[in-house]
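Raw contents of structure23.txt, compact mmCIF, C-alpha atoms:
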# COMPACT_ATOMS: atom_id res chain seq x y z
CA MET A 1399 -13.53 -4.22 1.38
CA SER A 1400 -16.97 -5.67 0.78
CA GLU A 1401 -17.56 -9.38 0.45
CA HIS A 1402 -17.42 -8.80 -3.31
CA GLU A 1403 -13.70 -8.12 -3.64
CA ALA A 1404 -12.44 -5.65 -6.23
CA PHE A 1405 -10.37 -8.40 -7.79
CA ASP A 1406 -11.05 -12.12 -7.30
CA ARG A 1407 -8.30 -14.35 -8.66
CA MET A 1408 -10.37 -17.48 -7.95
CA MET A 1409 -13.30 -16.63 -10.26
CA VAL A 1410 -12.73 -17.40 -13.94
CA VAL A 1411 -15.44 -17.01 -16.58
CA GLU A 1412 -15.55 -17.39 -20.35
CA VAL A 1413 -16.26 -14.21 -22.32
CA GLU A 1414 -16.86 -13.54 -26.01
CA THR A 1415 -13.66 -12.11 -27.49
CA GLY A 1416 -15.67 -9.60 -29.50
CA SER A 1417 -17.08 -8.03 -26.33
CA LEU A 1418 -13.67 -6.91 -25.06
CA ALA A 1419 -12.10 -3.46 -25.49
CA VAL A 1420 -8.33 -3.00 -25.91
CA ALA A 1421 -7.86 0.78 -25.64
CA GLY A 1422 -5.87 2.45 -22.89
CA SER A 1423 -2.98 0.00 -22.67
CA PRO A 1424 0.27 1.26 -21.09
CA ARG A 1425 2.05 -0.40 -24.04
CA THR A 1426 2.20 2.36 -26.67
CA SER A 1427 3.97 0.21 -29.25
CA GLY A 1428 0.89 -1.94 -29.71
CA VAL A 1429 0.75 -5.68 -30.19
CA ASP A 1430 3.94 -7.65 -30.86
CA GLN A 1431 2.89 -10.00 -33.67
CA GLU A 1432 5.80 -12.38 -33.09
CA HIS A 1433 4.80 -12.79 -29.47
CA VAL A 1434 1.18 -13.38 -30.51
CA ALA A 1435 2.28 -16.06 -33.00
CA ALA A 1436 4.40 -17.76 -30.33
CA LEU A 1437 1.46 -17.85 -27.91
CA ALA A 1438 -0.91 -19.13 -30.59
CA VAL A 1439 1.04 -22.38 -31.02
CA VAL A 1440 1.27 -23.13 -27.29
CA GLN A 1441 -0.55 -26.42 -26.65
CA THR A 1442 -1.28 -25.92 -22.93
CA PRO A 1443 -4.10 -23.54 -21.88
CA LEU A 1444 -2.88 -19.97 -21.39
CA PRO A 1445 -3.60 -18.16 -18.11
CA PRO A 1446 -6.88 -16.19 -17.99
CA ILE A 1447 -6.67 -12.57 -19.01
CA THR A 1448 -7.71 -9.77 -16.62
CA VAL A 1449 -10.59 -7.49 -17.64
CA HIS A 1450 -11.98 -4.31 -16.07
CA ARG A 1451 -15.63 -5.32 -15.65
CA PRO A 1452 -17.21 -1.81 -15.77
CA THR A 1453 -15.58 -1.02 -19.14
CA MET A 1454 -14.79 -4.55 -20.42
CA ARG A 1455 -11.29 -3.27 -21.19
CA VAL A 1456 -8.41 -5.73 -21.19
CA ILE A 1457 -6.09 -4.91 -18.28
CA ASP A 1458 -3.63 -7.76 -18.71
CA GLY A 1459 -3.48 -10.32 -21.53
CA LEU A 1460 -3.82 -8.43 -24.80
CA HIS A 1461 -1.35 -10.77 -26.52
CA ARG A 1462 -3.22 -13.81 -25.17
CA LEU A 1463 -6.45 -12.34 -26.55
CA ARG A 1464 -4.91 -11.84 -29.99
CA ALA A 1465 -3.48 -15.37 -29.87
CA ALA A 1466 -6.94 -16.77 -29.12
CA GLU A 1467 -8.38 -14.81 -32.04
CA LEU A 1468 -5.59 -16.07 -34.28
CA ARG A 1469 -6.55 -19.64 -33.37
CA GLY A 1470 -10.16 -18.87 -34.28
CA GLU A 1471 -11.45 -19.09 -30.73
CA ARG A 1472 -14.56 -17.04 -30.00
CA LYS A 1473 -14.31 -17.17 -26.20
CA ILE A 1474 -11.49 -16.64 -23.73
CA ALA A 1475 -11.04 -17.23 -20.00
CA VAL A 1476 -11.33 -14.01 -17.99
CA LYS A 1477 -10.83 -12.80 -14.43
CA TYR A 1478 -12.69 -9.60 -13.63
CA PHE A 1479 -11.41 -6.53 -11.80
CA ASP A 1480 -14.16 -4.29 -10.39
CA GLY A 1481 -12.13 -1.33 -9.10
CA ALA A 1482 -11.78 2.22 -10.37
CA GLU A 1483 -10.27 2.91 -13.80
CA GLU A 1484 -7.24 4.54 -12.16
CA ASP A 1485 -6.59 1.37 -10.15
CA ALA A 1486 -7.19 -0.75 -13.26
CA PHE A 1487 -4.40 1.14 -15.00
CA VAL A 1488 -2.09 0.57 -12.03
CA LEU A 1489 -2.84 -3.14 -12.20
CA ALA A 1490 -2.18 -3.14 -15.95
CA VAL A 1491 1.21 -1.53 -15.45
CA GLU A 1492 2.19 -3.80 -12.57
CA SER A 1493 1.11 -6.91 -14.49
CA ASN A 1494 3.13 -5.95 -17.55
CA VAL A 1495 6.17 -5.20 -15.42
CA THR A 1496 6.19 -8.43 -13.43
CA HIS A 1497 5.44 -10.97 -16.16
CA GLY A 1498 4.80 -11.49 -19.88
CA LEU A 1499 6.27 -9.20 -22.52
CA PRO A 1500 7.85 -6.39 -20.48
CA LEU A 1501 7.04 -2.73 -21.05
CA SER A 1502 9.72 -0.54 -22.57
CA THR A 1503 11.50 1.97 -20.36
CA ALA A 1504 9.68 4.81 -22.11
CA ASP A 1505 6.31 3.14 -21.46
CA ARG A 1506 7.21 2.63 -17.80
CA LYS A 1507 8.07 6.30 -17.41
CA ARG A 1508 4.85 7.38 -19.11
CA ALA A 1509 2.91 5.01 -16.87
CA ALA A 1510 4.65 6.34 -13.77
CA ALA A 1511 3.76 9.92 -14.75
CA ARG A 1512 0.12 8.93 -15.12
CA ILE A 1513 0.13 7.16 -11.74
CA ILE A 1514 1.70 10.24 -10.12
CA ALA A 1515 -1.27 12.24 -11.39
CA SER A 1516 -3.92 9.69 -10.36
CA HIS A 1517 -2.31 8.65 -7.04
CA PRO A 1518 -0.37 11.73 -5.84
CA GLN A 1519 -0.50 10.46 -2.25
CA TRP A 1520 1.72 7.49 -3.11
CA SER A 1521 5.42 7.76 -2.35
CA ASP A 1522 8.11 7.65 -5.03
CA ARG A 1523 9.14 4.17 -3.91
CA MET A 1524 5.59 2.87 -4.05
CA ILE A 1525 5.08 4.15 -7.61
CA ALA A 1526 8.50 2.83 -8.57
CA SER A 1527 7.61 -0.65 -7.32
CA VAL A 1528 4.51 -0.66 -9.53
CA SER A 1529 6.01 0.86 -12.66
CA GLY A 1530 9.35 -0.93 -12.58
CA ILE A 1531 11.62 2.12 -12.59
CA ALA A 1532 13.90 3.67 -9.99
CA ALA A 1533 12.43 5.79 -7.20
CA GLY A 1534 14.78 8.61 -8.19
CA THR A 1535 13.30 8.59 -11.69
CA VAL A 1536 9.81 8.83 -10.20
CA ALA A 1537 10.96 11.80 -8.10
CA ASP A 1538 12.28 13.52 -11.23
CA LEU A 1539 8.99 12.89 -13.02
CA ARG A 1540 7.03 14.24 -10.06
CA ARG A 1541 9.06 17.45 -10.04
CA ARG A 1542 8.26 17.98 -13.71
CA GLU A 1543 4.57 17.27 -13.30
CA SER A 1544 2.36 20.22 -12.40
CA GLY A 1545 -0.58 19.68 -10.11
CA SER A 1546 0.62 16.22 -9.14
CA GLY A 1547 0.27 16.69 -5.40
CA ALA A 1548 3.94 17.50 -4.89
CA ASP A 1549 3.00 20.02 -2.22
CA GLN A 1550 1.26 17.48 -0.02
CA GLY A 1551 2.66 17.24 3.48
CA SER A 1552 2.85 13.46 3.52
CA ARG A 1553 2.71 10.41 1.28
CA ILE A 1554 1.79 6.73 1.58
CA GLY A 1555 4.86 4.51 1.41
CA HIS A 1556 5.18 1.02 -0.02
CA ASP A 1557 4.72 -0.39 3.49
CA GLY A 1558 1.37 1.40 3.80
CA ARG A 1559 2.59 3.98 6.32
CA VAL A 1560 2.01 7.70 5.93
CA ARG A 1561 5.20 9.70 6.29
CA PRO A 1562 5.87 13.45 6.01
CA ILE A 1563 7.79 14.59 2.95
CA ASN A 1564 9.93 16.77 5.20
CA GLY A 1565 10.71 14.89 8.42
CA ALA A 1566 12.03 17.98 10.21
CA GLU A 1567 8.66 18.78 11.76
CA GLY A 1568 8.26 15.20 13.00
CA ARG A 1569 11.72 15.32 14.55
CA ARG A 1570 10.89 18.61 16.27
CA ILE A 1571 7.67 17.18 17.74
CA ALA A 1572 9.52 14.03 18.82
CA SER A 1573 12.20 16.05 20.59
CA GLU A 1574 9.54 18.00 22.50
CA LEU A 1575 7.76 14.82 23.55
CA ILE A 1576 11.00 13.17 24.69
CA ALA A 1577 12.02 16.27 26.63
CA GLN A 1578 8.63 16.46 28.39
CA ASN A 1579 8.36 12.74 29.12
CA PRO A 1580 11.54 10.68 28.66
CA THR A 1581 9.74 7.47 29.66
CA LEU A 1582 7.60 7.37 26.50
CA SER A 1583 8.35 4.43 24.23
CA LEU A 1584 9.72 4.85 20.73
CA ARG A 1585 6.42 3.70 19.26
CA GLN A 1586 4.36 6.13 21.32
CA VAL A 1587 6.45 9.06 20.18
CA ALA A 1588 6.55 7.79 16.59
CA ARG A 1589 2.76 7.56 16.43
CA VAL A 1590 2.26 11.15 17.58
CA ALA A 1591 5.11 12.64 15.53
CA ALA A 1592 4.23 10.62 12.37
CA ILE A 1593 7.77 9.34 11.96
CA SER A 1594 9.31 5.89 12.29
CA PRO A 1595 10.45 4.47 15.65
CA GLU A 1596 14.00 4.34 14.28
CA THR A 1597 13.86 8.07 13.56
CA VAL A 1598 12.66 8.63 17.13
CA ARG A 1599 15.62 6.58 18.34
CA ASP A 1600 17.97 8.78 16.32
CA VAL A 1601 16.34 11.92 17.74
CA ARG A 1602 16.71 10.60 21.29
CA ASN A 1603 20.36 9.63 20.76
CA ARG A 1604 21.14 13.06 19.31
CA MET A 1605 19.53 14.73 22.30
CA MET A 1606 21.52 12.52 24.69
CA ARG A 1607 24.72 13.64 22.92
CA GLY A 1608 23.64 17.27 23.12
CA GLU A 1609 23.22 17.54 19.34
CA ASP A 1610 20.48 19.15 17.27
CA PRO A 1611 17.68 16.56 16.78
CA LEU A 1612 17.29 17.76 13.19
CA THR A 1613 19.49 16.34 10.47
CA ARG A 1614 21.54 18.61 8.24
CA ARG A 1615 18.84 18.36 5.59
CA GLY A 1616 16.24 19.38 8.15
CA ARG A 1617 18.34 22.33 9.29
CA GLN A 1618 18.62 23.52 5.69
CA ALA A 1619 14.84 23.92 5.69
CA ARG A 1620 15.11 26.55 8.44
CA GLY A 1621 14.67 30.24 7.85
CA ALA A 1622 17.38 32.56 6.58
CA ASP A 1623 18.18 33.67 10.13
CA GLY A 1624 19.15 30.10 11.03
CA THR A 1625 16.14 29.47 13.25
CA ALA A 1626 13.42 27.04 12.44
CA ALA A 1627 10.44 28.48 10.67
CA ALA A 1628 7.47 28.66 13.06
CA PRO A 1629 6.03 25.15 12.91
CA PRO A 1630 2.40 24.32 13.53
CA ARG A 1631 1.78 23.86 17.23
CA LEU A 1632 0.40 20.65 18.67
CA GLY A 1633 -3.34 21.10 18.87
CA ARG A 1634 -3.48 19.18 22.18
CA ALA A 1635 -1.13 18.42 25.03
CA PRO A 1636 1.10 15.40 24.30
CA SER A 1637 -0.63 13.40 27.03
CA ALA A 1638 -4.01 14.01 25.37
CA VAL A 1639 -2.64 13.00 22.00
CA LEU A 1640 -1.22 9.78 23.42
CA ALA A 1641 -4.52 9.03 25.14
CA LYS A 1642 -6.51 9.00 21.88
CA ASP A 1643 -8.31 5.82 20.94
CA SER A 1644 -5.70 3.42 19.55
CA ALA A 1645 -8.46 1.77 17.51
CA GLN A 1646 -8.46 4.85 15.29
CA ASP A 1647 -4.75 4.34 14.66
CA ARG A 1648 -5.31 0.70 13.76
CA ALA A 1649 -8.21 1.53 11.45
CA ALA A 1650 -6.14 4.21 9.73
CA ALA A 1651 -3.22 1.80 9.32
CA VAL A 1652 -5.48 -0.85 7.76
CA LYS A 1653 -6.93 1.77 5.43
CA ARG A 1654 -3.43 2.68 4.26
CA LEU A 1655 -2.62 -0.98 3.67
CA LYS A 1656 -5.76 -1.35 1.56
CA ALA A 1657 -4.36 1.32 -0.77
CA ASP A 1658 -1.29 -0.80 -1.50
CA PRO A 1659 -1.71 -2.73 -4.78
CA ALA A 1660 0.76 -5.37 -3.57
CA LEU A 1661 -1.92 -6.43 -1.05
CA ARG A 1662 -5.13 -5.48 -2.85
CA PHE A 1663 -4.33 -7.44 -5.98
CA SER A 1664 -3.23 -10.72 -4.38
CA GLU A 1665 -5.33 -13.40 -2.69
CA ILE A 1666 -2.92 -13.70 0.25
CA GLY A 1667 -2.84 -9.91 0.59
CA ARG A 1668 -6.63 -9.67 0.77
CA THR A 1669 -6.73 -12.45 3.36
CA LEU A 1670 -4.27 -10.48 5.49
CA LEU A 1671 -6.35 -7.32 5.12
CA ARG A 1672 -9.50 -9.16 6.24
CA LEU A 1673 -7.69 -10.49 9.32
CA LEU A 1674 -6.32 -7.07 10.20
CA SER A 1675 -9.70 -5.38 9.66
CA VAL A 1676 -11.20 -7.52 12.44
CA HIS A 1677 -8.87 -5.88 14.95
CA SER A 1678 -9.58 -2.30 13.85
CA ILE A 1679 -12.96 -2.01 15.58
CA SER A 1680 -13.38 0.62 18.27
CA VAL A 1681 -13.11 0.18 22.03
CA GLU A 1682 -16.86 0.79 22.32
CA GLU A 1683 -17.56 -2.08 19.91
CA TRP A 1684 -15.28 -4.37 21.92
CA GLU A 1685 -17.14 -3.39 25.10
CA GLN A 1686 -20.47 -4.30 23.48
CA ILE A 1687 -19.08 -7.65 22.34
CA LEU A 1688 -17.62 -8.46 25.77
CA ASP A 1689 -20.85 -7.54 27.53
CA LYS A 1690 -22.75 -10.03 25.38
CA VAL A 1691 -20.44 -13.02 25.98
CA PRO A 1692 -22.55 -15.63 27.84
CA PRO A 1693 -21.14 -16.51 31.28
CA HIS A 1694 -20.63 -20.17 30.38
CA CYS A 1695 -18.53 -19.16 27.30
CA ARG A 1696 -16.24 -16.66 28.99
CA GLY A 1697 -13.53 -19.15 29.87
CA VAL A 1698 -13.27 -20.43 26.30
CA VAL A 1699 -13.36 -16.91 24.85
CA ALA A 1700 -10.60 -15.81 27.24
CA TYR A 1701 -8.50 -18.82 26.23
CA LEU A 1702 -8.96 -18.17 22.51
CA ALA A 1703 -8.26 -14.45 22.93
CA LYS A 1704 -5.04 -15.23 24.80
CA GLU A 1705 -3.98 -17.76 22.14
CA SER A 1706 -4.76 -15.25 19.37
CA ALA A 1707 -2.77 -12.56 21.14
CA GLU A 1708 0.24 -14.85 21.40
CA MET A 1709 -0.10 -15.81 17.74
CA TRP A 1710 -0.20 -12.16 16.65
CA SER A 1711 2.81 -11.44 18.86
CA GLU A 1712 4.70 -14.18 17.02
CA VAL A 1713 3.55 -12.71 13.70
CA ALA A 1714 4.82 -9.29 14.78
CA VAL A 1715 8.21 -10.70 15.77
CA ARG A 1716 8.63 -12.62 12.51
CA VAL A 1717 7.53 -9.72 10.30
CA GLN A 1718 9.77 -7.33 12.22
CA SER A 1719 12.71 -9.69 11.69
CA LYS A 1720 12.06 -9.61 7.95
CA VAL A 1721 12.05 -5.80 8.10
CA ALA A 1722 15.45 -5.92 9.78
CA GLU A 1723 16.76 -8.32 7.12
CA THR A 1724 15.81 -5.93 4.29
CA ALA A 1725 16.89 -2.75 6.07
Here is a file; write its structure as C-alpha cells.
Amino acid sequence: MSEHEAFDRMMVVEVETGSLAVAGSPRTSGVDQEHVAALAVVQTPLPPITVHRPTMRVIDGLHRLRAAELRGERKIAVKYFDGAEEDAFVLAVESNVTHGLPLSTADRKRAAARIIASHPQWSDRMIASVSGIAAGTVADLRRRESGSGADQGSRIGHDGRVRPINGAEGRRIASELIAQNPTLSLRQVARVAAISPETVRDVRNRMMRGEDPLTRRGRQARGADGTAAAPPRLGRAPSAVLAKDSAQDRAAAVKRLKADPALRFSEIGRTLLRLLSVHSISVEEWEQILDKVPPHCRGVVAYLAKESAEMWSEVAVRVQSKVAETA
C-alpha cells in the first residue's frame, strides 16, 4: 500500500449532499423511509458515511444521507474510499451486513454472486464472511455461475493463504517429500506442497500407518482404472524448491493478506500489514542494509533486532494459540 491508504478511517471531511451518487447499492429494496425518519430525529451526530471518491457514490450510509436531507442539512460528514469499484462494492456489502439496517437474504445472495464474479480467487468462506451467508450457499452460487473462475486451481482463504481446490495433488507432493527426506519440518513440506502443516501431519501419520496419504475424496478424483491421474511433476528437485528465497514466500503471504477486506478496511489491519511488509524485503536488500550499519551502531542494532525477533516469536505463539482455540 502507498502512504495514501485506499481507505482512511481517520480522515473525515464535509461534502455537499447534492454531489453524492446513490446508484449501485446492494440493497435492491431501496430506502426504508421509517429508518430514515428514525435517524432524522436522533440528537447526537451520526457516524460519517463512506463514499467512493472516484465516483462519489455512497458505499455505506444511504439512510444517514437521506436523514440529513430530511433535516434540511446541505452537508454531511464523509470518509473516502479510494479503491477499485469492485472493492467498493465489497465494502458496501460488508458494511451493510455488520451494522445498520441489515441486507435481506436475497440481497446477500445477489451480492455474493457479484463478488464471485469480481473476486473469483476468493474462497467460499472468504466471500461468505463478507456477504453474511453460509459458505455452502456461496459454493452453490459459484457452481451456478458461468465464467466465475470455478476452474482455478487454488483460491485465497479468509486467512489470506492460497490453497488448492483439490488437495490431492498437495498430499501427493507432500508424501514424496516426506519419503525422500523424513527430517523435513511440517512447515517446510507445507510451503512446497501448498497445503497446511496440519494436512502434512495427517499425510505423515497415514504413511507411518502404511495407509494411502490421499483421503477418500482425493482417491475419488483418480482415474477410472483406480490409479492417480498423471499429476504435474515438480519442476525442480525438492531440495532446490526448499532452498528458494524465503523472502519471496513472505512477500507473497503479505500480498495475500492485503487482499483480505477484514485487514484492508480496518485501521488495525492496515497497521499490521505495514509491520509485516517491512519483513518481506529480499535477502539482497537485507545484505545492503547490514553492510551500511556504522560500526559504532552495530551493538544497538543487534540488540534491537534480537528484541524484535523475540517479540515476533511471542506474537506468533499468541496468534497460533488463537488459531487452535477456533479450530
Q.
I'd like the neighbourhood of region 1435-1441 of chain A as a count of residues only, where a residue qualifies if any of its atoms comes within 8 Å (using only C-alpha atoms), though same-chain residues fewer than 2 positions away should be ignored.
A. 11
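When the distance limit is 10 Å and all atoms listed in the file are what count, the residues near Asp1430 (chain A), minus those fewer than 6 positions from it on the same chain, are Leu1460, His1461, Arg1464 and Leu1499 of chain A.
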Find the residues around Gly1416 (chain A) up to 12 Å (only C-alpha atoms counted), leave out those fewer than 6 positions away in its own chain, and share them as a PDB file with C-alpha atoms, keeping the file's coordinate frame.
ATOM      1  CA  MET A1454     -14.790  -4.550 -20.420  1.00  0.00           C
ATOM      2  CA  ARG A1455     -11.290  -3.270 -21.190  1.00  0.00           C
ATOM      3  CA  VAL A1456      -8.410  -5.730 -21.190  1.00  0.00           C
ATOM      4  CA  LEU A1463      -6.450 -12.340 -26.550  1.00  0.00           C
ATOM      5  CA  ARG A1464      -4.910 -11.840 -29.990  1.00  0.00           C
ATOM      6  CA  ALA A1466      -6.940 -16.770 -29.120  1.00  0.00           C
ATOM      7  CA  GLU A1467      -8.380 -14.810 -32.040  1.00  0.00           C
ATOM      8  CA  GLY A1470     -10.160 -18.870 -34.280  1.00  0.00           C
ATOM      9  CA  GLU A1471     -11.450 -19.090 -30.730  1.00  0.00           C
ATOM     10  CA  ARG A1472     -14.560 -17.040 -30.000  1.00  0.00           C
ATOM     11  CA  LYS A1473     -14.310 -17.170 -26.200  1.00  0.00           C
ATOM     12  CA  ILE A1474     -11.490 -16.640 -23.730  1.00  0.00           C
TER      13      ILE A1474
END
Q) For Asp1480 (chain A), which residue out of A:Arg1599, A:Lys1653, A:Pro1446, A:Phe1663 is the nearest one, using all atoms listed in the file? A)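 Residue with the minimum atom-to-atom distance to Asp1480 (chain A): A:Phe1663.
Between Ala1651 (chain A) and the candidates A:Ser1675, A:Ser1664, A:Asn1494, A:Thr1669, the tightest atom-to-atom separation, counting all atoms listed in the file, involves A:Ser1675.
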Q. Can you tell me how far CA of Lys1656 (chain A) sits from CA of Ser1678 (chain A), in Å to one decimal?
A.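 Spanning CA of Lys1656 (chain A) to CA of Ser1678 (chain A) is a straight-line distance of 12.9 Å.
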Q. Neighbours of Ala1504 (chain A) within 10 Å (all atoms listed in the file; same-chain residues fewer than 6 positions away dropped), as a list in words?
A. Arg1425, Thr1426 and Ala1510 of chain A
(Q) To one decimal place in Å, what is the distance between CA of Leu1612 (chain A) and CA of Glu1574 (chain A)? (A) 12.1 Å
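Nearest to Ala1509 (chain A) of all the residues A:Met1709, A:Leu1673, A:Val1495, A:Ala1419 is A:Val1495, counting only C-alpha atoms.
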Q: List the neighbours of region 1530-1543 of chain A out to 7 Å using all atoms listed in the file; skip same-chain residues closer than 5 positions along the sequence, and give me the result as a PyMOL selection string.
A: chain A and resi 1495+1506+1510-1511+1514+1522-1523+1548
Please complete region 1575-1588 of chain A so it has N, CA and C atoms, and hand it over as a JSON list (two decimals), keeping the file's coordinate frame.
[["chain", "number", "residue", "atom", "x", "y", "z"],
["A", 1575, "LEU", "N", 8.38, 15.89, 22.77],
["A", 1575, "LEU", "CA", 7.76, 14.82, 23.55],
["A", 1575, "LEU", "C", 8.77, 14.13, 24.45],
["A", 1576, "ILE", "N", 9.94, 13.85, 23.91],
["A", 1576, "ILE", "CA", 11.00, 13.17, 24.69],
["A", 1576, "ILE", "C", 11.45, 14.05, 25.84],
["A", 1577, "ALA", "N", 11.59, 15.36, 25.58],
["A", 1577, "ALA", "CA", 12.02, 16.27, 26.63],
["A", 1577, "ALA", "C", 10.99, 16.36, 27.76],
["A", 1578, "GLN", "N", 9.69, 16.33, 27.39],
["A", 1578, "GLN", "CA", 8.63, 16.46, 28.39],
["A", 1578, "GLN", "C", 8.40, 15.16, 29.15],
["A", 1579, "ASN", "N", 8.60, 14.03, 28.47],
["A", 1579, "ASN", "CA", 8.36, 12.74, 29.12],
["A", 1579, "ASN", "C", 9.34, 11.70, 28.57],
["A", 1580, "PRO", "N", 10.52, 11.61, 29.16],
["A", 1580, "PRO", "CA", 11.54, 10.68, 28.66],
["A", 1580, "PRO", "C", 11.17, 9.22, 28.75],
["A", 1581, "THR", "N", 10.11, 8.88, 29.49],
["A", 1581, "THR", "CA", 9.74, 7.47, 29.66],
["A", 1581, "THR", "C", 8.86, 6.95, 28.52],
["A", 1582, "LEU", "N", 8.44, 7.82, 27.62],
["A", 1582, "LEU", "CA", 7.60, 7.37, 26.50],
["A", 1582, "LEU", "C", 8.38, 6.39, 25.63],
["A", 1583, "SER", "N", 7.69, 5.39, 25.11],
["A", 1583, "SER", "CA", 8.35, 4.43, 24.23],
["A", 1583, "SER", "C", 8.57, 5.03, 22.85],
["A", 1584, "LEU", "N", 9.45, 4.39, 22.09],
["A", 1584, "LEU", "CA", 9.72, 4.85, 20.73],
["A", 1584, "LEU", "C", 8.45, 4.85, 19.90],
["A", 1585, "ARG", "N", 7.64, 3.81, 20.06],
["A", 1585, "ARG", "CA", 6.42, 3.70, 19.26],
["A", 1585, "ARG", "C", 5.40, 4.76, 19.63],
["A", 1586, "GLN", "N", 5.29, 5.09, 20.91],
["A", 1586, "GLN", "CA", 4.36, 6.13, 21.32],
["A", 1586, "GLN", "C", 4.73, 7.46, 20.70],
["A", 1587, "VAL", "N", 5.99, 7.79, 20.77],
["A", 1587, "VAL", "CA", 6.45, 9.06, 20.18],
["A", 1587, "VAL", "C", 6.29, 9.04, 18.67],
["A", 1588, "ALA", "N", 6.63, 7.90, 18.06],
["A", 1588, "ALA", "CA", 6.55, 7.79, 16.59],
["A", 1588, "ALA", "C", 5.13, 7.99, 16.11]]
